[in-house]
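Okay, structure first, notes after.
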Amino acid sequence: MSKRIWKLMFVLLMSTIFLFGCKDKVNDKEASSGNGGQTKVVENEDTKEKNTDTKEKKDTKESNNDGKENTDTNEKKQDTKDNDEEDPSNLDKTIEEASAQETPVDDGEYDPNFELIMEAEEAEMTGKVRVESTKGGFTGSGYLVGIEGNEDTVSFRVTVPGSGAYDLNFRSASYGGYKENNILINGEMVGSAKVEESEFTDSILKRIYLTTGENLITMTKSWGWIYLDSLIITASGPADKSIYDVSSVPVNPNATDRTKRLLKYLADMYGEAIISGQYGDRGIDGPEFKAIYNATGKYPAMLGLDFIEYTPSRVAFGSTGKDVEYAIDFDQAGGIVTFAWHWNAPEPYLYNSKDNPWWKGFYTTATNINLKKIMDGEDKEGYDLLIRDIDAIAKELKILQEADVPILWRPLHEASGGWFWWGASGPEPYIQLYRLLYDRLTNHHGIHNLIWVWNGQHQDWYPGDEYVDIVGTDIYPGERVYTPQAAKFNELVEWNGENKKIVALTENGCIFDPDLAFRDNAIWSYFGTWEGEFLTLNGTYTLSEKYTETSMLKKVFTHDKVITLDELPDLKTYGD
Ligand SMILES: [Ca+2]
């Protein structure tokens, strides 16, 4: 068939997928109630068991596309099931064939001076989206409102002369306070448009790849509640490779020899290759690692673990952690270890009720702890309890230090979302706590095997260059979304100060396509796929394929620019 027919089929198909599929891609966001983007947690009925079950489920809810909680997992599952009944194998095959026809032929020419202004009021709209013109400051004949529900979409058909990177500026204003909404290219999520100002202002997604000819650029509701004036598309120009020239020396001047070598390795690889990572609360012998090995013949280079079960308020209820042993085992196997800490709030602050049991104590909703009062000195007992908890984790970190295991340490993660108590009082107390944690571990306990991975998720929460080795973000863009999230990557590149830091995708659901990461100059240092359903089915060794298909998993783990366990150098002597 001719290229044109394939192209038409492809666009029609993508539009169809979008119309049927966008519901389950976007309904995992809380319906905003116009209350400034506040969210509330709606728990799954089936989160009955503690430990693994809690951990597996929690990130489904907490961090879809690093902004809002997924509050509707059950509905999402139902939608997925319904869609799957439309003979997915044929559908996938058609997409593959259409893509195969699409990709190689590209006779366009990229124009570095390209600029195109498209008025939102002339775009295609669905649902309750409508044109208004009473608010001042717009261009053209008006702007759009009504992006409030899952059916409410705005689509621009954008024709560009050549394939390449383009900045997409969604000129918009907020109804009040910070808002973000999903941006999709031909039905695939590529990032979020963000706006805080109440007057029309720029909201730019940088370096989004568009292909020669027509691209369908769609905004769907994440939070909603914005006025959309126009979309301005500008050629981004050539990729800047200097962004990968980063600091390779730990911020802690007393960092151990192995810690220094590990950061040097990460800095050397940065921009050249991507290090594969996988969370797995049973270590290298757990279902995630075995499932990847069975499918690809490779193990991830990095193991993600958690100090959750070492937290005193969990230990008090009988929890015991094994992650320190898993870390030592993986280090001996030649791998890289990263740790998060789902910090269960101290016992006096836990509701421990039917709806909010003790083991959900890291969630804001399960505790009445007030970090601001603690950091302001109003709650002295709370301060002492936080120190007690830090000291308990320090004990475990010391075991790892004595075993000479360097750790990519990612505490106080996803703070700006507010769903964890350490992020519930705003950036100021969070930054105070982050610095306290740094000081207590480094200077009081003498722990020097840590590479500090900051994961606050918003620039206002950055504690300062002197506390951060790596800037990380967590992105859950939906199911089988393989774009590398270049807009977010480019945003993070600019978050740190003069001393440039490595940027990493510290948690992900689906795994991005490495070819697209190199194409888009969004070469994350490493990725870390979350455990459980993001990879396997119900704790078995069977791949779930819900987020990443086996074909993509194979592509990623056998890719010549993706580093797996067998491809790591000897990290004990690296740099000699
Ligand atoms: Ca307009």
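Following the order of the structure tokens, first chain is A, next is B, and so on, with residues numbered from 1 inside each chain and ligands from 1 in the order they appear.
Around Pro112 in chain A, within 10 Å and counting only C-alpha atoms, the residues found are Glu109, Glu115, Gly162, Gly164, Ala165, Tyr166, Thr234, Ala235, Ser236, Gly237 and Pro238 of chain A, once anything fewer than 3 positions away on its own chain is removed.
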Report as a PDB file with C-alpha atoms, in the first residue's frame all protein, DNA and RNA residues lying within 6 Å of range 561-569 of chain A, evaluated on only C-alpha atoms, omitting residues in the same chain fewer than 2 positions from it.
```
ATOM      1  CA  ALA A 273      24.341   4.880  27.900  1.00  0.00           C
ATOM      2  CA  ILE A 274      21.375   4.225  30.163  1.00  0.00           C
ATOM      3  CA  ILE A 275      21.706   2.080  33.271  1.00  0.00           C
ATOM      4  CA  SER A 276      18.850  -0.363  33.740  1.00  0.00           C
ATOM      5  CA  TYR A 299      19.614  -8.867  34.763  1.00  0.00           C
ATOM      6  CA  PRO A 300      19.110  -5.160  35.511  1.00  0.00           C
ATOM      7  CA  ALA A 301      22.302  -3.368  36.557  1.00  0.00           C
ATOM      8  CA  GLY A 335      25.463  -4.573  40.765  1.00  0.00           C
ATOM      9  CA  HIS A 559      19.956  -2.644  23.602  1.00  0.00           C
ATOM     10  CA  LEU A 571      32.929  -0.883  40.343  1.00  0.00           C
TER      11      LEU A 571
END
```
> Hey, what does DSSP flag as strand (DSSP E or B) within range 258-407 of chain A? Can you give it to me as an NGL selection string?
Replying inline: :A and (274-275 or 277-279 or 300 or 302-306 or 336-340 or 350 or 363 or 367 or 407)
> If we count only C-alpha atoms, what is near range 340-355 of chain A at a cut-off of 8 Å, once residues fewer than 4 positions away on the same chain are taken out, given as a PyMOL selection string?
Replying inline: chain A and resi 304-308+311-314+359-363+366-369+385-386+389+409-413+421
>> Taking only C-alpha atoms and all ligand atoms and a cut-off of 10 Å, can you tell me which residues surround ligand 1, written as a ChimeraX atom specification?
In response: /A:117-123,131-133,137-144,171-172,227-231
> Which residue out of A:Glu479, A:Glu549, A:Leu263, A:Ile393 has the minimum interatomic distance to Glu309 in chain A when only C-alpha atoms are used?
Replying inline: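 The shortest atom-to-atom distance to Glu309 in chain A comes from A:Ile393.
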